[in-house]
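Raw contents of protein.tsv, TSV, C-alpha atoms:
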```tsv
chain	number	residue	atom	x	y	z
A	1	MET	CA	11.83	-2.34	-14.17
A	2	ARG	CA	12.55	-2.80	-17.85
A	3	MET	CA	12.70	-6.40	-19.08
A	4	PHE	CA	13.94	-6.75	-22.63
A	5	LEU	CA	16.05	-8.99	-24.84
A	6	LEU	CA	19.43	-9.78	-23.34
A	7	LEU	CA	21.98	-7.68	-25.17
A	8	ALA	CA	24.29	-7.30	-22.18
A	9	PRO	CA	27.52	-8.61	-23.73
A	10	ALA	CA	27.39	-6.12	-26.59
A	11	ILE	CA	26.40	-3.25	-24.32
A	12	ALA	CA	29.14	-4.15	-21.85
A	13	GLY	CA	31.66	-3.74	-24.61
A	14	LEU	CA	30.46	-0.22	-25.22
A	15	ILE	CA	30.50	0.74	-21.55
A	16	ALA	CA	34.04	-0.58	-21.23
A	17	HIS	CA	35.31	2.45	-23.18
A	18	GLY	CA	34.64	4.61	-20.14
A	19	SER	CA	31.96	6.20	-18.01
A	20	ALA	CA	30.11	9.10	-19.58
A	21	ALA	CA	30.90	11.19	-16.53
A	22	GLN	CA	34.64	10.67	-17.04
A	23	GLU	CA	35.13	10.92	-20.81
A	24	GLN	CA	36.61	14.12	-22.19
A	25	ALA	CA	36.59	15.13	-25.88
A	26	PRO	CA	35.71	18.07	-28.13
A	27	ALA	CA	32.00	18.82	-28.29
A	28	ASP	CA	31.69	17.82	-31.92
A	29	GLN	CA	33.27	14.39	-31.35
A	30	ILE	CA	31.40	12.85	-28.42
A	31	VAL	CA	27.95	12.33	-26.94
A	32	ASN	CA	27.45	10.89	-23.45
A	33	VAL	CA	24.27	8.83	-23.15
A	34	VAL	CA	22.60	7.08	-20.20
A	35	ASN	CA	19.78	4.61	-20.74
A	36	TRP	CA	18.06	1.64	-19.14
A	37	SER	CA	20.04	-1.59	-19.38
A	38	ASP	CA	19.54	-3.71	-22.53
A	39	TYR	CA	17.36	-1.08	-24.18
A	40	ILE	CA	18.92	-0.36	-27.56
A	41	ASP	CA	20.31	-2.14	-30.59
A	42	PRO	CA	24.09	-1.81	-30.03
A	43	GLY	CA	24.67	-1.61	-33.77
A	44	VAL	CA	22.73	1.65	-33.82
A	45	LEU	CA	25.44	3.29	-31.73
A	46	ASP	CA	28.15	2.14	-34.13
A	47	GLU	CA	26.16	3.39	-37.11
A	48	PHE	CA	25.66	6.81	-35.52
A	49	THR	CA	29.40	7.12	-35.04
A	50	ALA	CA	30.10	5.94	-38.58
A	51	GLU	CA	27.72	8.55	-40.02
A	52	THR	CA	28.60	11.50	-37.80
A	53	ARG	CA	32.07	10.72	-36.43
A	54	ILE	CA	30.63	11.43	-33.01
A	55	LYS	CA	31.69	8.81	-30.47
A	56	VAL	CA	28.93	7.47	-28.21
A	57	VAL	CA	29.94	6.91	-24.58
A	58	TYR	CA	27.14	4.75	-23.25
A	59	ASP	CA	26.18	4.27	-19.60
A	60	THR	CA	23.25	2.29	-18.12
A	61	TYR	CA	21.11	2.05	-15.00
A	62	ASP	CA	18.59	-0.42	-13.59
A	63	ALA	CA	16.42	1.68	-11.24
A	64	SER	CA	14.82	5.13	-11.61
A	65	GLN	CA	16.12	6.24	-8.23
A	66	ALA	CA	19.67	5.61	-9.41
A	67	ILE	CA	19.47	8.03	-12.33
A	68	ASP	CA	17.59	10.58	-10.22
A	69	ARG	CA	20.42	10.63	-7.69
A	70	ARG	CA	23.01	11.09	-10.40
A	71	LEU	CA	21.14	13.95	-12.08
A	72	ILE	CA	20.37	15.77	-8.85
A	73	ALA	CA	24.03	15.60	-7.83
A	74	GLY	CA	24.85	17.43	-11.07
A	75	ARG	CA	27.89	17.46	-13.34
A	76	THR	CA	27.18	13.96	-14.64
A	77	GLY	CA	28.61	14.73	-18.05
A	78	TYR	CA	25.50	13.23	-19.65
A	79	ASP	CA	24.19	14.76	-22.87
A	80	VAL	CA	21.17	12.49	-23.41
A	81	VAL	CA	19.08	10.83	-20.70
A	82	VAL	CA	16.43	8.15	-21.22
A	83	SER	CA	13.98	8.30	-18.32
A	84	SER	CA	10.46	7.10	-17.61
A	85	ALA	CA	7.72	9.69	-18.01
A	86	ALA	CA	6.59	9.06	-14.44
A	87	ARG	CA	9.83	10.66	-13.24
A	88	LEU	CA	9.64	13.70	-15.52
A	89	PRO	CA	7.48	16.02	-13.33
A	90	GLN	CA	9.93	15.86	-10.44
A	91	GLN	CA	12.95	16.04	-12.72
A	92	ILE	CA	11.58	19.05	-14.60
A	93	LYS	CA	10.59	20.79	-11.36
A	94	ALA	CA	14.13	20.28	-10.08
A	95	GLY	CA	15.46	22.03	-13.20
A	96	LEU	CA	17.41	19.00	-14.41
A	97	TYR	CA	16.59	19.36	-18.13
A	98	GLN	CA	16.71	22.09	-20.75
A	99	LYS	CA	13.82	22.90	-23.07
A	100	LEU	CA	14.11	21.23	-26.44
A	101	ASP	CA	14.46	23.25	-29.63
A	102	ARG	CA	12.24	21.32	-32.06
A	103	SER	CA	13.81	23.09	-35.04
A	104	ARG	CA	16.92	21.03	-34.29
A	105	LEU	CA	14.93	17.77	-34.34
A	106	PRO	CA	13.51	17.43	-37.87
A	107	ASN	CA	12.55	13.78	-37.27
A	108	ALA	CA	10.27	14.81	-34.38
A	109	GLY	CA	7.56	15.14	-37.01
A	110	ASN	CA	7.43	11.33	-37.03
A	111	LEU	CA	6.32	11.07	-33.39
A	112	LEU	CA	2.95	9.45	-32.69
A	113	PRO	CA	0.54	12.22	-31.60
A	114	GLU	CA	-1.43	9.92	-29.29
A	115	VAL	CA	1.71	8.91	-27.42
A	116	MET	CA	3.02	12.47	-27.19
A	117	ALA	CA	-0.37	13.56	-25.85
A	118	ARG	CA	0.03	11.08	-22.97
A	119	LEU	CA	3.61	12.23	-22.45
A	120	ALA	CA	2.27	15.77	-22.06
A	121	ALA	CA	0.65	14.68	-18.79
A	122	ALA	CA	4.15	14.53	-17.34
A	123	ASP	CA	5.71	17.22	-19.55
A	124	PRO	CA	3.06	19.86	-20.32
A	125	GLY	CA	3.47	21.17	-23.84
A	126	ASN	CA	6.08	18.49	-24.60
A	127	GLN	CA	8.78	21.03	-23.84
A	128	TYR	CA	11.50	18.88	-22.29
A	129	ALA	CA	11.15	15.36	-23.69
A	130	VAL	CA	10.32	13.27	-26.74
A	131	ASP	CA	9.26	9.65	-26.79
A	132	TYR	CA	11.80	6.86	-27.20
A	133	MET	CA	9.77	3.69	-26.54
A	134	TRP	CA	6.41	2.92	-24.92
A	135	PHE	CA	4.38	-0.02	-23.67
A	136	THR	CA	1.12	-0.78	-21.89
A	137	ALA	CA	0.13	-2.30	-18.58
A	138	GLY	CA	-2.16	-5.30	-18.47
A	139	ILE	CA	-2.81	-8.80	-17.19
A	140	ALA	CA	-0.17	-11.39	-18.04
A	141	TYR	CA	-1.18	-14.96	-17.34
A	142	ASN	CA	-0.23	-18.61	-17.61
A	143	VAL	CA	-2.70	-19.81	-20.25
A	144	LYS	CA	-3.04	-23.39	-19.01
A	145	LYS	CA	-3.32	-22.55	-15.31
A	146	ALA	CA	-5.69	-19.66	-15.98
A	147	ARG	CA	-8.02	-21.79	-18.10
A	148	GLU	CA	-8.11	-24.47	-15.37
A	149	ARG	CA	-9.01	-21.94	-12.70
A	150	LEU	CA	-11.63	-20.28	-14.87
A	151	GLY	CA	-13.50	-23.54	-15.49
A	152	GLY	CA	-12.43	-23.73	-19.10
A	153	ALA	CA	-13.37	-20.14	-19.97
A	154	ASP	CA	-11.13	-18.28	-22.40
A	155	PRO	CA	-8.64	-16.30	-20.26
A	156	ALA	CA	-8.01	-13.85	-23.09
A	157	THR	CA	-11.56	-12.59	-22.58
A	158	THR	CA	-12.21	-13.30	-18.91
A	159	LEU	CA	-8.98	-11.70	-17.74
A	160	ALA	CA	-9.27	-8.58	-19.91
A	161	THR	CA	-10.31	-6.55	-16.87
A	162	TRP	CA	-8.64	-5.09	-13.80
A	163	GLU	CA	-11.14	-7.08	-11.74
A	164	ALA	CA	-9.04	-10.17	-12.46
A	165	ALA	CA	-6.61	-8.84	-9.86
A	166	LEU	CA	-8.87	-6.53	-7.83
A	167	LYS	CA	-12.09	-8.49	-7.33
A	168	PRO	CA	-11.64	-11.07	-4.53
A	169	ASP	CA	-14.11	-13.59	-6.01
A	170	LEU	CA	-12.04	-13.75	-9.19
A	171	ALA	CA	-8.59	-13.19	-7.71
A	172	LYS	CA	-8.92	-15.93	-5.10
A	173	ARG	CA	-9.18	-18.54	-7.87
A	174	PHE	CA	-5.49	-17.90	-8.42
A	175	SER	CA	-4.50	-17.97	-4.73
A	176	ASP	CA	-2.79	-21.35	-5.03
A	177	CYS	CA	-0.48	-20.23	-7.82
A	178	GLY	CA	-0.26	-16.58	-6.88
A	179	ILE	CA	-0.81	-13.11	-8.27
A	180	TYR	CA	1.91	-10.52	-8.83
A	181	VAL	CA	1.20	-6.80	-9.01
A	182	PHE	CA	3.32	-3.71	-9.61
A	183	ASP	CA	6.01	-3.20	-7.01
A	184	THR	CA	5.69	0.59	-7.29
A	185	ALA	CA	3.03	2.75	-5.66
A	186	PRO	CA	2.02	5.16	-8.50
A	187	GLU	CA	1.36	2.37	-11.00
A	188	LEU	CA	-0.39	0.09	-8.50
A	189	PHE	CA	-2.70	2.84	-7.28
A	190	ALA	CA	-3.32	3.97	-10.86
A	191	VAL	CA	-4.69	0.50	-11.62
A	192	ALA	CA	-7.03	0.63	-8.62
A	193	LEU	CA	-8.11	4.19	-9.47
A	194	SER	CA	-8.82	3.09	-13.04
A	195	ASP	CA	-11.09	0.33	-11.72
A	196	LEU	CA	-12.92	3.04	-9.72
A	197	LYS	CA	-13.21	5.12	-12.93
A	198	LEU	CA	-10.96	7.80	-11.46
A	199	ASN	CA	-8.70	7.73	-14.49
A	200	SER	CA	-7.43	11.28	-14.16
A	201	GLY	CA	-6.08	10.56	-10.71
A	202	PRO	CA	-7.22	11.00	-7.10
A	203	ARG	CA	-9.02	14.20	-6.17
A	204	ASN	CA	-8.39	13.81	-2.46
A	205	GLU	CA	-7.21	11.36	0.18
A	206	ALA	CA	-10.65	9.74	0.27
A	207	ASP	CA	-10.13	8.58	-3.34
A	208	LEU	CA	-6.80	7.06	-2.37
A	209	ALA	CA	-8.44	5.33	0.58
A	210	ARG	CA	-11.03	3.78	-1.76
A	211	ALA	CA	-8.25	2.56	-4.04
A	212	ALA	CA	-6.36	1.15	-1.07
A	213	ASP	CA	-9.49	-0.70	0.07
A	214	LEU	CA	-9.57	-2.54	-3.27
A	215	LEU	CA	-5.92	-3.47	-2.91
A	216	PHE	CA	-6.23	-4.68	0.69
A	217	ARG	CA	-9.07	-7.02	-0.29
A	218	VAL	CA	-6.83	-8.96	-2.65
A	219	ARG	CA	-3.64	-8.66	-0.60
A	220	PRO	CA	-3.84	-12.32	0.64
A	221	PHE	CA	-3.53	-13.57	-2.95
A	222	VAL	CA	-0.52	-11.44	-3.94
A	223	LYS	CA	2.98	-12.87	-3.93
A	224	GLN	CA	5.74	-10.43	-3.03
A	225	ILE	CA	8.53	-10.85	-5.51
A	226	PRO	CA	11.04	-8.24	-6.72
A	227	ALA	CA	9.87	-6.36	-9.81
A	228	ALA	CA	12.97	-7.58	-11.63
A	229	GLU	CA	11.78	-11.17	-11.15
A	230	ALA	CA	8.27	-10.78	-12.60
A	231	ALA	CA	9.13	-12.00	-16.10
A	232	SER	CA	11.23	-14.92	-14.84
A	233	ALA	CA	8.55	-16.01	-12.35
A	234	LEU	CA	5.93	-16.01	-15.10
A	235	ALA	CA	8.18	-17.89	-17.49
A	236	ARG	CA	8.91	-20.59	-14.91
A	237	GLY	CA	5.26	-20.97	-13.93
A	238	ASP	CA	5.92	-19.75	-10.36
A	239	ILE	CA	3.04	-17.28	-10.66
A	240	CYS	CA	0.05	-17.57	-12.95
A	241	LEU	CA	-1.31	-14.02	-13.01
A	242	ALA	CA	0.51	-10.67	-13.06
A	243	VAL	CA	-0.49	-7.05	-13.26
A	244	THR	CA	2.57	-5.87	-15.12
A	245	TRP	CA	3.96	-4.13	-18.17
A	246	ALA	CA	3.63	-5.65	-21.62
A	247	SER	CA	7.43	-5.75	-21.80
A	248	ASP	CA	7.47	-8.21	-18.88
A	249	ALA	CA	4.79	-10.34	-20.55
A	250	VAL	CA	6.68	-10.47	-23.86
A	251	GLN	CA	9.92	-11.27	-22.07
A	252	ALA	CA	8.23	-14.05	-20.07
A	253	ARG	CA	6.64	-15.48	-23.20
A	254	ASP	CA	9.98	-15.55	-25.04
A	255	ARG	CA	11.85	-17.06	-22.10
A	256	ALA	CA	9.27	-19.83	-21.70
A	257	ARG	CA	9.50	-20.65	-25.41
A	258	GLU	CA	13.30	-20.75	-25.25
A	259	ALA	CA	13.12	-23.06	-22.22
A	260	ASN	CA	10.57	-25.27	-24.00
A	261	ASN	CA	8.92	-25.82	-20.60
A	262	GLU	CA	5.31	-26.00	-21.84
A	263	VAL	CA	4.47	-22.68	-20.19
A	264	GLU	CA	2.40	-20.46	-22.49
A	265	ILE	CA	2.06	-16.81	-21.52
A	266	GLY	CA	-0.88	-14.66	-22.62
A	267	TYR	CA	-1.43	-10.94	-22.18
A	268	ALA	CA	-4.72	-9.04	-22.01
A	269	ILE	CA	-5.30	-5.29	-22.04
A	270	PRO	CA	-8.15	-4.39	-19.66
A	271	THR	CA	-11.25	-3.13	-21.40
A	272	GLU	CA	-11.64	-0.35	-18.79
A	273	GLY	CA	-8.51	1.28	-20.15
A	274	THR	CA	-4.89	0.79	-19.25
A	275	LEU	CA	-1.73	2.61	-18.35
A	276	ILE	CA	0.89	3.60	-20.85
A	277	GLU	CA	4.52	3.77	-19.78
A	278	ILE	CA	6.67	6.06	-21.88
A	279	ASP	CA	10.44	6.25	-21.86
A	280	SER	CA	11.58	9.62	-23.06
A	281	LEU	CA	14.70	11.36	-24.32
A	282	SER	CA	15.88	14.57	-22.66
A	283	ILE	CA	18.96	16.81	-22.55
A	284	PRO	CA	20.30	17.71	-19.09
A	285	LYS	CA	20.58	21.37	-18.16
A	286	ASP	CA	24.35	21.09	-17.88
A	287	ALA	CA	24.95	18.84	-20.91
A	288	PRO	CA	28.48	19.54	-22.20
A	289	HIS	CA	27.81	18.50	-25.82
A	290	VAL	CA	24.42	19.93	-26.73
A	291	GLU	CA	24.80	19.87	-30.51
A	292	ALA	CA	25.85	16.21	-30.39
A	293	ALA	CA	22.87	15.50	-28.13
A	294	TYR	CA	20.43	16.92	-30.67
A	295	ARG	CA	22.01	14.93	-33.47
A	296	PHE	CA	21.83	11.71	-31.46
A	297	ILE	CA	18.18	12.19	-30.44
A	298	ASP	CA	17.19	13.04	-34.01
A	299	PHE	CA	19.06	9.96	-35.24
A	300	LEU	CA	17.07	7.73	-32.84
A	301	MET	CA	13.84	9.18	-34.25
A	302	ARG	CA	14.72	8.25	-37.81
A	303	PRO	CA	12.17	5.56	-38.80
A	304	ASP	CA	14.69	2.89	-39.83
A	305	ILE	CA	16.70	3.38	-36.65
A	306	ALA	CA	13.59	3.43	-34.46
A	307	ALA	CA	12.48	0.16	-36.07
A	308	ARG	CA	15.81	-1.47	-35.28
A	309	ASN	CA	15.53	-0.47	-31.64
A	310	SER	CA	11.97	-1.75	-31.50
A	311	ARG	CA	13.10	-5.12	-32.88
A	312	ALA	CA	15.94	-5.28	-30.38
A	313	THR	CA	13.77	-4.51	-27.35
A	314	ASN	CA	10.33	-5.87	-28.33
A	315	ALA	CA	8.92	-2.49	-27.26
A	316	ALA	CA	6.74	-0.19	-29.34
A	317	SER	CA	8.46	2.72	-31.02
A	318	GLY	CA	7.10	6.22	-30.66
A	319	ILE	CA	7.87	6.80	-34.34
A	320	ALA	CA	4.83	6.20	-36.53
A	321	ALA	CA	6.81	5.41	-39.67
A	322	ALA	CA	8.84	2.74	-37.85
A	323	LYS	CA	5.96	0.29	-37.49
A	324	PRO	CA	5.63	-0.56	-41.23
A	325	LEU	CA	9.33	-1.45	-41.24
A	326	LEU	CA	8.88	-4.15	-38.59
A	327	ASP	CA	8.28	-7.84	-39.08
A	328	PRO	CA	4.48	-8.30	-39.28
A	329	LYS	CA	4.68	-10.71	-36.34
A	330	LEU	CA	6.05	-7.94	-34.10
A	331	ALA	CA	4.00	-5.09	-35.58
A	332	GLY	CA	0.84	-7.22	-35.29
A	333	ASP	CA	1.50	-8.38	-31.72
A	334	PRO	CA	-1.22	-6.72	-29.58
A	335	ALA	CA	1.02	-7.02	-26.53
A	336	VAL	CA	3.46	-4.67	-28.27
A	337	TYR	CA	1.18	-2.58	-30.49
A	338	PRO	CA	-2.40	-2.44	-29.13
A	339	ASP	CA	-5.26	-2.10	-31.59
A	340	ASP	CA	-6.92	1.24	-32.30
A	341	GLU	CA	-9.66	0.76	-29.68
A	342	ALA	CA	-7.14	-0.02	-26.96
A	343	MET	CA	-5.06	3.00	-28.01
A	344	LYS	CA	-8.04	5.27	-27.35
A	345	ARG	CA	-8.19	4.00	-23.77
A	346	LEU	CA	-4.53	4.52	-22.86
A	347	LEU	CA	-4.00	6.46	-19.65
A	348	ALA	CA	-0.91	8.19	-18.36
A	349	VAL	CA	0.12	7.39	-14.78
A	350	PRO	CA	-1.41	10.24	-12.73
A	351	VAL	CA	0.85	12.99	-11.45
A	352	TYR	CA	0.28	13.38	-7.71
A	353	ASP	CA	0.70	16.60	-5.76
A	354	PRO	CA	3.10	16.26	-2.79
A	355	ARG	CA	0.33	15.84	-0.20
A	356	LEU	CA	-1.43	13.05	-2.09
A	357	GLN	CA	1.88	11.44	-2.98
A	358	GLN	CA	2.78	11.16	0.70
A	359	ALA	CA	-0.65	9.73	1.51
A	360	MET	CA	-0.28	7.18	-1.28
A	361	ILE	CA	3.16	6.10	-0.07
A	362	ARG	CA	1.85	5.63	3.48
A	363	LEU	CA	-1.01	3.43	2.25
A	364	TRP	CA	1.26	1.47	-0.08
A	365	THR	CA	3.82	0.84	2.67
A	366	LYS	CA	1.05	-0.45	4.95
A	367	TRP	CA	-0.30	-2.63	2.12
A	368	LYS	CA	3.13	-4.14	1.42
A	369	GLY	CA	3.59	-4.95	5.11
A	370	THR	CA	0.26	-6.76	5.37
A	371	LYS	CA	0.45	-10.55	5.36
```
Target encoding structure tokens, full file:
Amino acid sequence: MRMFLLLAPAIAGLIAHGSAAQEQAPADQIVNVVNWSDYIDPGVLDEFTAETRIKVVYDTYDASQAIDRRLIAGRTGYDVVVSSAARLPQQIKAGLYQKLDRSRLPNAGNLLPEVMARLAAADPGNQYAVDYMWFTAGIAYNVKKARERLGGADPATTLATWEAALKPDLAKRFSDCGIYVFDTAPELFAVALSDLKLNSGPRNEADLARAADLLFRVRPFVKQIPAAEAASALARGDICLAVTWASDAVQARDRAREANNEVEIGYAIPTEGTLIEIDSLSIPKDAPHVEAAYRFIDFLMRPDIAARNSRATNAASGIAAAKPLLDPKLAGDPAVYPDDEAMKRLLAVPVYDPRLQQAMIRLWTKWKGTK
């Protein structure tokens, strides 16, 4: 679940012009876009139209399964789709996207090579997608409560490890205030596999069983809350430790500051290496306005535009030249832009073959049902 700045009123005004699936116009006058909710600077859409005279019909979704169902059904009318990299292998296999012609995307030369290399795990050869935004996974924590439970130790250092959530002796210190972990199987198992130094993914079901064993040991300390509530629960102080995305941590930190409730949220990237989540831009196979789609994607990759979207969402841009255009406070925030050492340890969520994916889902379902 994406948790970003609340831009809903402005976005709602854009959506009110009509669903992308319903709008009809000449190919050179319209582009139909679908994206996560609250995940763009609305002014960027107006500026694109002002520059190109191409109207943007903007649609949103809140869950990956929702966009998958729409795309599989076909004839959505969408020209540009923003989707998480974790969904790309299945979407590409299903033939939902067309290969990108890089000659029509001159601003693609601005893409961060290290991010595109991780995206290639889901899209070999970077044939079908380019990066839009990205963020890391880590340990978000309530600074005051964490320090109390760590005997005064600095949580920024002590919690910079997956063992904070996976080692019972450490995790149980937070049992009274609760731990939250990913509410999705691939990411949760990727964390456990990383702790086992199986960063490239499970080789067999025995590896998954080892990962599940780690998760079952800390199950008594984990609070089950909807993924959409992770940032709010942190901001209110309802939980004091969360294995979550940096976007949730930043959102929780900002909400707590706005509420002035004396809750301070910290975020640590595990030293063992961490996951990178990438949201990518693709063109559906049956896109009705392909030329407009290329112009829109290239526009989003322009450094000044990418920087505006990064400011609006508090997420890291995949455009290298966008970072110098950001406020130093945002560009220097390690929760948004990790340092060079952390960048070297970024891991893509493993792509599971169907057999291992089914085994993982069975174990995850059993884990979720355990009290």
Quick one, how far is atom CA of A:Val80 from atom CA of A:Leu325?
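One can read the atom CA of A:Val80 to atom CA of A:Leu325 distance as 25.5 Å.
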Separation of atom CA of A:Ala192 from atom CA of A:Ala66 in Å:
27.2 Å
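Residues in contact with A:Phe189 at 8 Å, where only C-alpha atoms are counted and same-chain residues fewer than 4 positions away are skipped, are listed as Ala185, Leu193, Leu208, Ala211, Ala212 and Met360 of chain A.
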Around stretch 53-61 of chain A, fit a box with edges along x, y and z, padding it by 5 Å on each side, then list its centre and edge lengths in Å to one decimal as AutoDock Vina command-line options.
```
--center_x 26.6 --center_y 6.7 --center_z -25.7 --size_x 21.0 --size_y 19.4 --size_z 31.4
```
Taking (-5.0, 9.3, -28.5) in the coordinates of the supplied file, I want to know which residues reach to within 8 Å of it, counting all atoms listed in the file; could you give the answer as a PDB file with C-alpha atoms, in the frame of the given file?
```pdb
ATOM      1  CA  PRO A 113       0.540  12.220 -31.600  1.00  0.00           C
ATOM      2  CA  GLU A 114      -1.430   9.920 -29.290  1.00  0.00           C
ATOM      3  CA  VAL A 115       1.710   8.910 -27.420  1.00  0.00           C
ATOM      4  CA  ALA A 117      -0.370  13.560 -25.850  1.00  0.00           C
ATOM      5  CA  ARG A 118       0.030  11.080 -22.970  1.00  0.00           C
ATOM      6  CA  MET A 343      -5.060   3.000 -28.010  1.00  0.00           C
ATOM      7  CA  LYS A 344      -8.040   5.270 -27.350  1.00  0.00           C
ATOM      8  CA  ARG A 345      -8.190   4.000 -23.770  1.00  0.00           C
ATOM      9  CA  LEU A 346      -4.530   4.520 -22.860  1.00  0.00           C
TER      10      LEU A 346
END
```
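Interatomic distance, atom CA of A:Pro42 against atom CA of A:Thr60: 12.6 Å.
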Where does stretch 29-135 of chain A meet stretch 312-318 of chain A within 6 Å, residue by residue, with the nearest atom pair and distance in Å to one decimal for each, counting all atoms listed in the file, listed by chain and rising number, as JSON lines?
```
{"residue": "A:Tyr39", "atom": "CA", "partner": "A:Thr313", "partner_atom": "CA", "distance": 5.9}
{"residue": "A:Asp41", "atom": "CA", "partner": "A:Ala312", "partner_atom": "CA", "distance": 5.4}
{"residue": "A:Leu111", "atom": "CA", "partner": "A:Gly318", "partner_atom": "CA", "distance": 5.6}
{"residue": "A:Leu112", "atom": "CA", "partner": "A:Gly318", "partner_atom": "CA", "distance": 5.6}
{"residue": "A:Asp131", "atom": "CA", "partner": "A:Gly318", "partner_atom": "CA", "distance": 5.6}
{"residue": "A:Tyr132", "atom": "CA", "partner": "A:Gly318", "partner_atom": "CA", "distance": 5.9}
{"residue": "A:Met133", "atom": "CA", "partner": "A:Ser317", "partner_atom": "CA", "distance": 4.8}
{"residue": "A:Trp134", "atom": "CA", "partner": "A:Ala316", "partner_atom": "CA", "distance": 5.4}
```
Using all atoms listed in the file, pick whichever of A:Thr365, A:Ser282, A:Thr76, A:Asn204 has the shortest atom-to-atom distance to A:Ala129.
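Looking at the shortest contact to A:Ala129, the residue is A:Ser282.
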Using only C-alpha atoms, which of the listed residues (A:Lys144, A:Arg295, A:Arg69, A:Arg219) sits closest to A:Lys172?
A:Arg219
Name all residues at most 10 Å from A:Ser84 (count all atoms listed in the file; drop same-chain ones fewer than 3 positions away) and give them as a PyMOL selection string.
chain A and resi 36+64+81+87-88+119+122+131-134+277-281
Neighbour list for A:Leu100 as a PyMOL selection string, cut-off 7 Å, only C-alpha atoms, skip fewer than 2 positions in-chain
chain A and resi 98+102+127-128
A:Asp68: which residues within 12 Å, counting all atoms listed in the file, same-chain residues fewer than 4 positions away excluded, as a list in words?
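The neighbour list is Val34, Tyr61, Asp62, Ala63, Ser64, Ile72, Ala73, Gly74, Thr76, Val81, Val82, Ser83, Ser84, Ala86, Arg87, Leu88, Pro89, Gln90, Gln91, Ile92, Ala94, Leu96, Tyr97 and Pro284 of chain A.
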Pull C-alpha atoms from the residues just selected and write them as an mmCIF file, in the coordinates of the input.
```
data_model
loop_
_atom_site.group_PDB
_atom_site.id
_atom_site.type_symbol
_atom_site.label_atom_id
_atom_site.label_comp_id
_atom_site.auth_asym_id
_atom_site.auth_seq_id
_atom_site.Cartn_x
_atom_site.Cartn_y
_atom_site.Cartn_z
ATOM 1 C CA VAL A 34 22.600 7.080 -20.200
ATOM 2 C CA TYR A 61 21.110 2.050 -15.000
ATOM 3 C CA ASP A 62 18.590 -0.420 -13.590
ATOM 4 C CA ALA A 63 16.420 1.680 -11.240
ATOM 5 C CA SER A 64 14.820 5.130 -11.610
ATOM 6 C CA ILE A 72 20.370 15.770 -8.850
ATOM 7 C CA ALA A 73 24.030 15.600 -7.830
ATOM 8 C CA GLY A 74 24.850 17.430 -11.070
ATOM 9 C CA THR A 76 27.180 13.960 -14.640
ATOM 10 C CA VAL A 81 19.080 10.830 -20.700
ATOM 11 C CA VAL A 82 16.430 8.150 -21.220
ATOM 12 C CA SER A 83 13.980 8.300 -18.320
ATOM 13 C CA SER A 84 10.460 7.100 -17.610
ATOM 14 C CA ALA A 86 6.590 9.060 -14.440
ATOM 15 C CA ARG A 87 9.830 10.660 -13.240
ATOM 16 C CA LEU A 88 9.640 13.700 -15.520
ATOM 17 C CA PRO A 89 7.480 16.020 -13.330
ATOM 18 C CA GLN A 90 9.930 15.860 -10.440
ATOM 19 C CA GLN A 91 12.950 16.040 -12.720
ATOM 20 C CA ILE A 92 11.580 19.050 -14.600
ATOM 21 C CA ALA A 94 14.130 20.280 -10.080
ATOM 22 C CA LEU A 96 17.410 19.000 -14.410
ATOM 23 C CA TYR A 97 16.590 19.360 -18.130
ATOM 24 C CA PRO A 284 20.300 17.710 -19.090
#
```
Using all atoms listed in the file, list the residues that have an atom at most 12 Å from (10.6, -16.0, -23.3), coordinates as in the file, as a ChimeraX atom specification.
/A:3-6,231-237,247-266,314
Filtering to C-alpha atoms, could you give me those residues as a short mmCIF file (atom, residue, chain, number, x, y, z; two decimals), in the frame of the given file?
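Saved to selection-v2.cif:
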```cif
data_model
loop_
_atom_site.label_atom_id
_atom_site.label_comp_id
_atom_site.auth_asym_id
_atom_site.auth_seq_id
_atom_site.Cartn_x
_atom_site.Cartn_y
_atom_site.Cartn_z
CA MET A 3 12.70 -6.40 -19.08
CA PHE A 4 13.94 -6.75 -22.63
CA LEU A 5 16.05 -8.99 -24.84
CA LEU A 6 19.43 -9.78 -23.34
CA ALA A 231 9.13 -12.00 -16.10
CA SER A 232 11.23 -14.92 -14.84
CA ALA A 233 8.55 -16.01 -12.35
CA LEU A 234 5.93 -16.01 -15.10
CA ALA A 235 8.18 -17.89 -17.49
CA ARG A 236 8.91 -20.59 -14.91
CA GLY A 237 5.26 -20.97 -13.93
CA SER A 247 7.43 -5.75 -21.80
CA ASP A 248 7.47 -8.21 -18.88
CA ALA A 249 4.79 -10.34 -20.55
CA VAL A 250 6.68 -10.47 -23.86
CA GLN A 251 9.92 -11.27 -22.07
CA ALA A 252 8.23 -14.05 -20.07
CA ARG A 253 6.64 -15.48 -23.20
CA ASP A 254 9.98 -15.55 -25.04
CA ARG A 255 11.85 -17.06 -22.10
CA ALA A 256 9.27 -19.83 -21.70
CA ARG A 257 9.50 -20.65 -25.41
CA GLU A 258 13.30 -20.75 -25.25
CA ALA A 259 13.12 -23.06 -22.22
CA ASN A 260 10.57 -25.27 -24.00
CA ASN A 261 8.92 -25.82 -20.60
CA GLU A 262 5.31 -26.00 -21.84
CA VAL A 263 4.47 -22.68 -20.19
CA GLU A 264 2.40 -20.46 -22.49
CA ILE A 265 2.06 -16.81 -21.52
CA GLY A 266 -0.88 -14.66 -22.62
CA ASN A 314 10.33 -5.87 -28.33
#
```
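The smallest atom-to-atom distance between A:Arg53 and any of A:Tyr352, A:Phe221, A:Phe174, A:Phe296, using all atoms listed in the file, is found for A:Phe296.
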From A:Pro106, A:Pro124, A:Pro220, A:Pro226, residue lying nearest A:Gly178 [all atoms listed in the file]
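Checking each candidate against A:Gly178, we get A:Pro220 as the closest.
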